[in-house]
Amino acid sequence: MHHAAGHQRRPSRTEPRALRAGCRHTYRSDDVVVDCRREAERPCPPPKRRGQKTGAVGNMWRQVQGSDDWDGLLQPLHPVVRDEVARYGKLVDACYDALDMHQSSARHMCCKHGKESLLDGAGTAGRGYEVTRYIYATLDVAGRSSSSCVGYVAVSTDEMTRRLGRRDVLVAFRGTVTQAEWAANLMSSLKPARLDARDARPDVKVESGFLNLYTSAGKSMGSCREQLLREVSRLITLFSKKDQQDMSVTLAGHSMGSALATLLGYDLAELGLLNRLGASGRRVPVTVFSFGGPRVGNAAFKARCDELGVKALRVANVRDPVTMVPGLFGGAWGGGDCYTHVGVELTLDFLRLGNLGSVHDLGTYVASLQAETGGKQQVVSSAANWRPDGQLLRAGLSWFFEDQSFPFGSITVAHSPSCKAFGDTPLFVGTKISTLLLVLPFTFYTRDGKE
């Protein structure tokens, strides 16, 4: 589970423009082809659902944050919801841009920018937020640990707060980029979360690898969980006293980062840290925006999130295999437990030709989301067939047998000194096998041009 975290990661700026539903044409932009012939009978523009609200985000921010579970806002996709979700996707993207991936750098796997300039790369999406803290996570396997920067905490400025209609505390998480994190993704047994010492709830279980990454402490820092709870609590307390404004907590992540965002949302709600009342006298809402996220826990975990009022909007590409795991084959992992997705799904359907790894790329997620106009977007090949990507296959086999870097789409998964301690343990061999199993279906997938 990863993102295009490298020098070649960013998609072209000439992504397909928003398409009018009902169009009978095929639009091409670079190697992306969007065919909307299926929507030929849909009126243009799509009709609004009864009761669907329009207007700026400040007038409907609670609905955007999921107060009504996005009822009537996703089909067709409301333009305010579309723009806000895409904006949060860009803010997550800044996590990748800021990460120092150079192995020779003294700041390897740390943020290469100061907090005041971190969001500059996010363009307009980053304007209006002030970063208050970087967040580091540690994976502890067999007594060996590896830490890296996985995200940041930010808060909306006064100007942005007026536009949004509330003070927004944002936590953004990137996806997998190191082998240690790949190892966490493969630790797919379910384990009781036990995040609230007052009520352990042993039936509420989550993936052990994500829990390890969330709760393990580094040698010189607290756990990812401790850093997050301390900073989010500080900001809620600070602005509750300072402002006469409503407040929201928004947790956004891609891939593995979606899992961390979901765990944090559950944790904050379970501990009652969001029970403070805003200016309207209502509880501070917590919302998760997940991009290409995996399943995190079992049915009891989902039920508890629903009971606590944790809202989650999962932006999922139907062609993205990461959204289907863990639990791809039925989801049972001992004791009858099954993995279950949390929240409401916003379904996308896209593929960038010539780069099959784009099905999980965050930049392509955001571009596809921005191209949505309420109808289903189809991205298909203009050629008669897709042919096997021999170069990708050879690279994967070389990575497996020769221990070299492996490109998946526009990503490069490489060894790093921080992960070398794990060596070729059975856990890492399993990681490699899983990676190949993830990629091989794309390298050999052939089909005609019909949907």
# chains A, B, ... in the order shown; residues from 1 in each chain; ligands from 1
$ residues_around --residues "Tyr134 of chain A" --least-positions-apart "5" --cutoff "7 Å" --atoms "only C-alpha atoms" --output "ChimeraX atom specification"
/A:149,151-153
$ write_last_selection --atoms "N, CA, C and O atoms" --output "mmCIF file, in the first residue's frame"
data_model
loop_
_atom_site.group_PDB
_atom_site.id
_atom_site.type_symbol
_atom_site.label_atom_id
_atom_site.label_comp_id
_atom_site.auth_asym_id
_atom_site.auth_seq_id
_atom_site.Cartn_x
_atom_site.Cartn_y
_atom_site.Cartn_z
ATOM 1 N N CYS A 149 8.710 9.955 9.388
ATOM 2 C CA CYS A 149 7.646 10.954 9.425
ATOM 3 C C CYS A 149 6.471 10.456 8.576
ATOM 4 O O CYS A 149 6.643 10.130 7.397
ATOM 5 N N GLY A 151 3.250 12.149 8.741
ATOM 6 C CA GLY A 151 2.220 13.160 8.528
ATOM 7 C C GLY A 151 2.434 14.393 9.372
ATOM 8 O O GLY A 151 3.520 14.624 9.905
ATOM 9 N N TYR A 152 1.380 15.165 9.507
ATOM 10 C CA TYR A 152 1.467 16.417 10.254
ATOM 11 C C TYR A 152 0.097 16.784 10.811
ATOM 12 O O TYR A 152 -0.932 16.267 10.384
ATOM 13 N N VAL A 153 0.125 17.697 11.779
ATOM 14 C CA VAL A 153 -1.093 18.278 12.344
ATOM 15 C C VAL A 153 -1.090 19.758 11.979
ATOM 16 O O VAL A 153 -0.051 20.429 12.040
#
$ select_by_dssp --residues "segment 33-192 of chain A" --states "helix (DSSP H, G or I)" --output "PyMOL selection string"
chain A and resi 37-39+57-59+61-64+79-98+118-125+158-164+179-186
$ write_last_selection --atoms "C-alpha atoms" --output "PDB file, in the first residue's frame"
ATOM      1  CA  ARG A  37     -20.835   7.040 -23.464  1.00  0.00           C
ATOM      2  CA  ARG A  38     -22.511   5.082 -20.684  1.00  0.00           C
ATOM      3  CA  GLU A  39     -23.916   8.337 -19.401  1.00  0.00           C
ATOM      4  CA  VAL A  57     -18.835  25.153   2.268  1.00  0.00           C
ATOM      5  CA  GLY A  58     -19.426  27.491   5.211  1.00  0.00           C
ATOM      6  CA  ASN A  59     -23.181  27.093   4.758  1.00  0.00           C
ATOM      7  CA  TRP A  61     -19.924  22.282   6.445  1.00  0.00           C
ATOM      8  CA  ARG A  62     -21.616  19.795   8.781  1.00  0.00           C
ATOM      9  CA  GLN A  63     -23.077  17.919   5.813  1.00  0.00           C
ATOM     10  CA  VAL A  64     -19.660  17.950   4.108  1.00  0.00           C
ATOM     11  CA  PRO A  79     -19.738  20.114  -6.186  1.00  0.00           C
ATOM     12  CA  VAL A  80     -18.968  21.434  -2.698  1.00  0.00           C
ATOM     13  CA  VAL A  81     -18.306  17.914  -1.401  1.00  0.00           C
ATOM     14  CA  ARG A  82     -16.192  17.160  -4.468  1.00  0.00           C
ATOM     15  CA  ASP A  83     -14.080  20.280  -4.039  1.00  0.00           C
ATOM     16  CA  GLU A  84     -13.605  19.838  -0.297  1.00  0.00           C
ATOM     17  CA  VAL A  85     -12.627  16.166  -0.542  1.00  0.00           C
ATOM     18  CA  ALA A  86     -10.190  16.976  -3.362  1.00  0.00           C
ATOM     19  CA  ARG A  87      -8.751  19.786  -1.234  1.00  0.00           C
ATOM     20  CA  TYR A  88      -8.056  17.367   1.608  1.00  0.00           C
ATOM     21  CA  GLY A  89      -6.478  14.960  -0.877  1.00  0.00           C
ATOM     22  CA  LYS A  90      -4.017  17.665  -1.901  1.00  0.00           C
ATOM     23  CA  LEU A  91      -3.216  18.364   1.731  1.00  0.00           C
ATOM     24  CA  VAL A  92      -2.375  14.677   2.190  1.00  0.00           C
ATOM     25  CA  ASP A  93      -0.226  14.835  -0.946  1.00  0.00           C
ATOM     26  CA  ALA A  94       1.963  17.414   0.788  1.00  0.00           C
ATOM     27  CA  CYS A  95       3.141  14.647   3.147  1.00  0.00           C
ATOM     28  CA  TYR A  96       4.841  12.892   0.247  1.00  0.00           C
ATOM     29  CA  ASP A  97       6.289  16.060  -1.261  1.00  0.00           C
ATOM     30  CA  ALA A  98       7.898  17.016   2.034  1.00  0.00           C
ATOM     31  CA  LEU A 118       5.499  22.539   4.383  1.00  0.00           C
ATOM     32  CA  LEU A 119       2.216  23.305   2.633  1.00  0.00           C
ATOM     33  CA  ASP A 120       3.658  25.591  -0.039  1.00  0.00           C
ATOM     34  CA  GLY A 121       3.814  22.650  -2.422  1.00  0.00           C
ATOM     35  CA  ALA A 122       0.111  21.998  -1.956  1.00  0.00           C
ATOM     36  CA  GLY A 123      -0.743  25.263  -3.739  1.00  0.00           C
ATOM     37  CA  THR A 124      -4.130  26.767  -2.982  1.00  0.00           C
ATOM     38  CA  ALA A 125      -5.107  23.688  -0.957  1.00  0.00           C
ATOM     39  CA  ASP A 158      -8.598  32.898  11.037  1.00  0.00           C
ATOM     40  CA  GLU A 159      -9.316  33.721   7.391  1.00  0.00           C
ATOM     41  CA  MET A 160      -9.815  30.081   6.422  1.00  0.00           C
ATOM     42  CA  THR A 161     -11.929  29.532   9.540  1.00  0.00           C
ATOM     43  CA  ARG A 162     -14.330  32.226   8.365  1.00  0.00           C
ATOM     44  CA  ARG A 163     -14.562  30.614   4.935  1.00  0.00           C
ATOM     45  CA  LEU A 164     -15.086  27.107   6.328  1.00  0.00           C
ATOM     46  CA  GLN A 179       9.901  -1.673   3.616  1.00  0.00           C
ATOM     47  CA  ALA A 180       9.205  -1.560   7.347  1.00  0.00           C
ATOM     48  CA  GLU A 181       5.798  -0.078   6.549  1.00  0.00           C
ATOM     49  CA  TRP A 182       5.224  -2.749   3.921  1.00  0.00           C
ATOM     50  CA  ALA A 183       5.930  -5.242   6.692  1.00  0.00           C
ATOM     51  CA  ALA A 184       3.231  -3.595   8.817  1.00  0.00           C
ATOM     52  CA  ASN A 185       0.783  -3.924   5.940  1.00  0.00           C
ATOM     53  CA  LEU A 186       1.443  -7.665   5.834  1.00  0.00           C
TER      54      LEU A 186
END
$ select_by_dssp --residues "segment 257-330 of chain A" --states "strand (DSSP E or B)" --output "ChimeraX atom specification"
/A:277,283,286-291,297-298,311-317
$ write_last_selection --atoms "all heavy atoms" --output "tab-separated table (two decimals), in the first residue's frame"
chain	number	residue	atom	x	y	z
A	277	LEU	N	-18.04	21.20	23.62
A	277	LEU	CA	-19.09	21.80	22.83
A	277	LEU	C	-18.58	23.04	22.10
A	277	LEU	O	-17.84	23.85	22.67
A	277	LEU	CB	-20.28	22.18	23.72
A	277	LEU	CG	-20.92	21.04	24.51
A	277	LEU	CD1	-22.10	21.55	25.32
A	277	LEU	CD2	-21.36	19.91	23.59
A	283	ARG	N	-21.35	18.86	19.87
A	283	ARG	CA	-20.06	18.20	20.06
A	283	ARG	C	-19.17	18.41	18.83
A	283	ARG	O	-19.64	18.50	17.71
A	283	ARG	CB	-20.30	16.70	20.28
A	283	ARG	CG	-19.08	15.93	20.73
A	283	ARG	CD	-19.48	14.52	21.10
A	283	ARG	NE	-19.97	13.79	19.93
A	283	ARG	CZ	-19.19	13.05	19.14
A	283	ARG	NH1	-17.90	12.95	19.39
A	283	ARG	NH2	-19.71	12.40	18.12
A	286	VAL	N	-15.77	14.48	14.35
A	286	VAL	CA	-14.53	13.94	13.80
A	286	VAL	C	-14.87	13.22	12.50
A	286	VAL	O	-15.81	12.42	12.45
A	286	VAL	CB	-13.81	12.99	14.79
A	286	VAL	CG1	-14.71	11.85	15.21
A	286	VAL	CG2	-12.52	12.46	14.18
A	287	THR	N	-14.13	13.54	11.45
A	287	THR	CA	-14.40	12.99	10.13
A	287	THR	C	-13.12	12.46	9.52
A	287	THR	O	-12.07	13.12	9.58
A	287	THR	CB	-14.99	14.05	9.19
A	287	THR	OG1	-16.15	14.62	9.79
A	287	THR	CG2	-15.36	13.45	7.84
A	288	VAL	N	-13.21	11.26	8.94
A	288	VAL	CA	-12.08	10.65	8.24
A	288	VAL	C	-12.34	10.72	6.74
A	288	VAL	O	-13.41	10.30	6.28
A	288	VAL	CB	-11.89	9.18	8.66
A	288	VAL	CG1	-10.76	8.53	7.86
A	288	VAL	CG2	-11.62	9.08	10.16
A	289	PHE	N	-11.39	11.25	5.98
A	289	PHE	CA	-11.42	11.20	4.53
A	289	PHE	C	-10.31	10.25	4.08
A	289	PHE	O	-9.13	10.54	4.25
A	289	PHE	CB	-11.25	12.59	3.91
A	289	PHE	CG	-12.42	13.49	4.13
A	289	PHE	CD1	-12.35	14.58	4.98
A	289	PHE	CD2	-13.62	13.25	3.47
A	289	PHE	CE1	-13.44	15.42	5.19
A	289	PHE	CE2	-14.73	14.08	3.66
A	289	PHE	CZ	-14.64	15.16	4.52
A	290	SER	N	-10.72	9.12	3.56
A	290	SER	CA	-9.79	8.05	3.22
A	290	SER	C	-9.65	7.95	1.70
A	290	SER	O	-10.65	7.90	0.98
A	290	SER	CB	-10.32	6.72	3.78
A	290	SER	OG	-9.74	5.61	3.14
A	291	PHE	N	-8.41	7.90	1.20
A	291	PHE	CA	-8.14	7.77	-0.22
A	291	PHE	C	-7.41	6.45	-0.46
A	291	PHE	O	-6.27	6.27	-0.01
A	291	PHE	CB	-7.29	8.93	-0.72
A	291	PHE	CG	-7.94	10.27	-0.56
A	291	PHE	CD1	-7.82	10.98	0.63
A	291	PHE	CD2	-8.68	10.84	-1.59
A	291	PHE	CE1	-8.42	12.23	0.79
A	291	PHE	CE2	-9.29	12.08	-1.44
A	291	PHE	CZ	-9.15	12.77	-0.25
A	297	GLY	N	-10.41	-2.93	10.56
A	297	GLY	CA	-10.80	-3.77	11.69
A	297	GLY	C	-11.97	-4.67	11.37
A	297	GLY	O	-12.41	-4.79	10.21
A	298	ASN	N	-12.49	-5.30	12.41
A	298	ASN	CA	-13.59	-6.25	12.23
A	298	ASN	C	-14.95	-5.57	12.33
A	298	ASN	O	-15.05	-4.34	12.46
A	298	ASN	CB	-13.46	-7.40	13.24
A	298	ASN	CG	-13.60	-6.92	14.70
A	298	ASN	OD1	-13.71	-5.72	14.96
A	298	ASN	ND2	-13.59	-7.86	15.63
A	311	LYS	N	-17.36	9.63	11.61
A	311	LYS	CA	-17.79	9.66	10.22
A	311	LYS	C	-16.60	9.41	9.31
A	311	LYS	O	-15.53	10.00	9.51
A	311	LYS	CB	-18.43	11.00	9.88
A	311	LYS	CG	-19.61	11.37	10.77
A	311	LYS	CD	-20.75	10.36	10.64
A	311	LYS	CE	-21.94	10.75	11.50
A	311	LYS	NZ	-23.06	9.79	11.37
A	312	ALA	N	-16.78	8.55	8.32
A	312	ALA	CA	-15.69	8.24	7.40
A	312	ALA	C	-16.22	8.18	5.98
A	312	ALA	O	-17.20	7.49	5.70
A	312	ALA	CB	-15.04	6.90	7.77
A	313	LEU	N	-15.57	8.93	5.10
A	313	LEU	CA	-15.88	8.88	3.67
A	313	LEU	C	-14.70	8.23	2.98
A	313	LEU	O	-13.59	8.78	2.96
A	313	LEU	CB	-16.13	10.27	3.10
A	313	LEU	CG	-16.53	10.32	1.62
A	313	LEU	CD1	-17.88	9.63	1.41
A	313	LEU	CD2	-16.59	11.75	1.12
A	314	ARG	N	-14.91	7.06	2.41
A	314	ARG	CA	-13.85	6.30	1.74
A	314	ARG	C	-13.91	6.55	0.24
A	314	ARG	O	-14.82	6.08	-0.44
A	314	ARG	CB	-13.99	4.81	2.02
A	314	ARG	CG	-13.82	4.43	3.48
A	314	ARG	CD	-13.91	2.94	3.69
A	314	ARG	NE	-15.24	2.42	3.36
A	314	ARG	CZ	-15.54	1.76	2.26
A	314	ARG	NH1	-14.62	1.56	1.32
A	314	ARG	NH2	-16.77	1.32	2.05
A	315	VAL	N	-12.93	7.27	-0.27
A	315	VAL	CA	-12.83	7.48	-1.71
A	315	VAL	C	-12.07	6.27	-2.26
A	315	VAL	O	-10.90	6.06	-1.95
A	315	VAL	CB	-12.08	8.78	-2.04
A	315	VAL	CG1	-12.10	9.04	-3.54
A	315	VAL	CG2	-12.70	9.95	-1.28
A	316	ALA	N	-12.76	5.45	-3.08
A	316	ALA	CA	-12.19	4.17	-3.49
A	316	ALA	C	-12.33	3.98	-5.00
A	316	ALA	O	-13.42	4.12	-5.55
A	316	ALA	CB	-12.88	3.03	-2.76
A	317	ASN	N	-11.21	3.66	-5.65
A	317	ASN	CA	-11.20	3.31	-7.06
A	317	ASN	C	-11.55	1.82	-7.18
A	317	ASN	O	-10.93	0.98	-6.53
A	317	ASN	CB	-9.80	3.57	-7.64
A	317	ASN	CG	-9.67	3.19	-9.10
A	317	ASN	OD1	-10.66	2.93	-9.78
A	317	ASN	ND2	-8.44	3.16	-9.58
$ closest_residue --among "A:Leu228, A:Cys111, A:Leu263, A:Leu77" --to "Phe210 of chain A" --atoms "only C-alpha atoms"
A:Leu263
$ closest_residue --among "A:Leu271, A:Leu195, A:Met256, A:Ala300" --to "His360 of chain A" --atoms "only C-alpha atoms"
A:Met256
$ atom_distance --atom1 "atom CA of Gly343 of chain A" --atom2 "atom CA of Asp69 of chain A"
8.2 Å
$ atom_distance --atom1 "atom CA of Ser248 of chain A" --atom2 "atom CA of Lys205 of chain A"
26.4 Å
$ atom_distance --atom1 "atom CA of Glu231 of chain A" --atom2 "atom CA of Arg144 of chain A"
26.8 Å
$ closest_residue --among "A:Ser216, A:Thr347, A:Ser145, A:Gln227" --to "Pro76 of chain A" --atoms "only C-alpha atoms"
A:Thr347
$ decode --residues "segment 199-289 of chain A" --atoms "C-alpha atoms" --output "CSV table (one decimal), in the first residue's frame"
chain,number,residue,atom,x,y,z
A,199,ASP,CA,-13.1,-0.3,28.9
A,200,ALA,CA,-10.8,-2.7,26.9
A,201,ARG,CA,-13.6,-4.0,24.6
A,202,PRO,CA,-11.7,-7.2,23.6
A,203,ASP,CA,-14.2,-7.8,20.8
A,204,VAL,CA,-13.1,-4.6,19.0
A,205,LYS,CA,-10.2,-5.8,16.8
A,206,VAL,CA,-8.0,-4.1,14.2
A,207,GLU,CA,-5.1,-5.2,12.0
A,208,SER,CA,-2.1,-5.9,14.1
A,209,GLY,CA,0.4,-4.2,11.8
A,210,PHE,CA,-1.5,-0.9,11.8
A,211,LEU,CA,-1.9,-1.1,15.5
A,212,ASN,CA,1.8,-1.7,15.9
A,213,LEU,CA,2.6,1.4,13.8
A,214,TYR,CA,0.1,3.5,15.7
A,215,THR,CA,1.2,2.5,19.3
A,216,SER,CA,4.9,1.6,19.2
A,217,ALA,CA,7.3,4.1,20.7
A,218,GLY,CA,10.6,5.1,19.1
A,219,LYS,CA,13.9,5.3,21.0
A,220,SER,CA,13.8,9.1,21.3
A,221,MET,CA,10.1,9.9,20.9
A,222,GLY,CA,6.7,8.8,22.0
A,223,SER,CA,4.4,6.6,19.9
A,224,CYS,CA,2.5,8.0,16.9
A,225,ARG,CA,-0.6,7.7,19.1
A,226,GLU,CA,0.9,9.7,22.0
A,227,GLN,CA,2.1,12.5,19.7
A,228,LEU,CA,-1.3,12.7,18.0
A,229,LEU,CA,-3.5,12.7,21.2
A,230,ARG,CA,-1.3,15.3,22.9
A,231,GLU,CA,-1.3,17.7,19.9
A,232,VAL,CA,-5.0,17.3,18.9
A,233,SER,CA,-6.0,17.7,22.6
A,234,ARG,CA,-3.9,20.8,22.9
A,235,LEU,CA,-5.4,22.4,19.9
A,236,ILE,CA,-9.0,21.6,20.9
A,237,THR,CA,-8.4,23.1,24.3
A,238,LEU,CA,-6.6,26.1,23.0
A,239,PHE,CA,-9.2,27.1,20.4
A,240,SER,CA,-12.2,26.2,22.6
A,241,LYS,CA,-11.0,28.9,25.0
A,242,LYS,CA,-9.9,31.3,22.4
A,243,ASP,CA,-12.7,31.1,19.8
A,244,GLN,CA,-16.4,31.6,19.7
A,245,GLN,CA,-16.4,29.4,16.7
A,246,ASP,CA,-17.5,25.9,16.0
A,247,MET,CA,-14.7,23.4,15.5
A,248,SER,CA,-14.1,20.2,13.5
A,249,VAL,CA,-11.4,17.5,13.5
A,250,THR,CA,-10.6,16.2,10.0
A,251,LEU,CA,-8.4,13.2,9.6
A,252,ALA,CA,-7.2,12.5,6.0
A,253,GLY,CA,-5.0,9.8,4.7
A,254,HIS,CA,-3.9,7.8,1.7
A,255,SER,CA,-3.5,4.0,1.8
A,256,MET,CA,-1.8,3.1,5.1
A,257,GLY,CA,-2.4,6.6,6.2
A,258,SER,CA,-6.1,6.0,5.8
A,259,ALA,CA,-5.8,3.2,8.4
A,260,LEU,CA,-3.9,5.5,10.8
A,261,ALA,CA,-6.6,8.2,10.3
A,262,THR,CA,-9.3,5.7,11.1
A,263,LEU,CA,-7.6,4.4,14.2
A,264,LEU,CA,-7.1,8.0,15.4
A,265,GLY,CA,-10.7,8.8,14.8
A,266,TYR,CA,-11.8,5.8,16.8
A,267,ASP,CA,-9.3,6.6,19.5
A,268,LEU,CA,-10.4,10.2,19.9
A,269,ALA,CA,-14.0,9.3,20.1
A,270,GLU,CA,-13.5,6.3,22.4
A,271,LEU,CA,-11.5,8.5,24.9
A,272,GLY,CA,-14.2,11.2,24.8
A,273,LEU,CA,-11.7,13.9,23.8
A,274,LEU,CA,-14.1,15.4,21.3
A,275,ASN,CA,-17.0,15.9,23.8
A,276,ARG,CA,-16.3,19.6,24.1
A,277,LEU,CA,-19.1,21.8,22.8
A,278,GLY,CA,-18.6,24.3,20.1
A,279,ALA,CA,-20.2,27.7,19.7
A,280,SER,CA,-23.5,26.1,18.6
A,281,GLY,CA,-23.5,23.9,21.7
A,282,ARG,CA,-22.9,20.7,19.6
A,283,ARG,CA,-20.1,18.2,20.1
A,284,VAL,CA,-16.9,18.6,18.0
A,285,PRO,CA,-17.3,16.2,15.0
A,286,VAL,CA,-14.5,13.9,13.8
A,287,THR,CA,-14.4,13.0,10.1
A,288,VAL,CA,-12.1,10.6,8.2
A,289,PHE,CA,-11.4,11.2,4.5
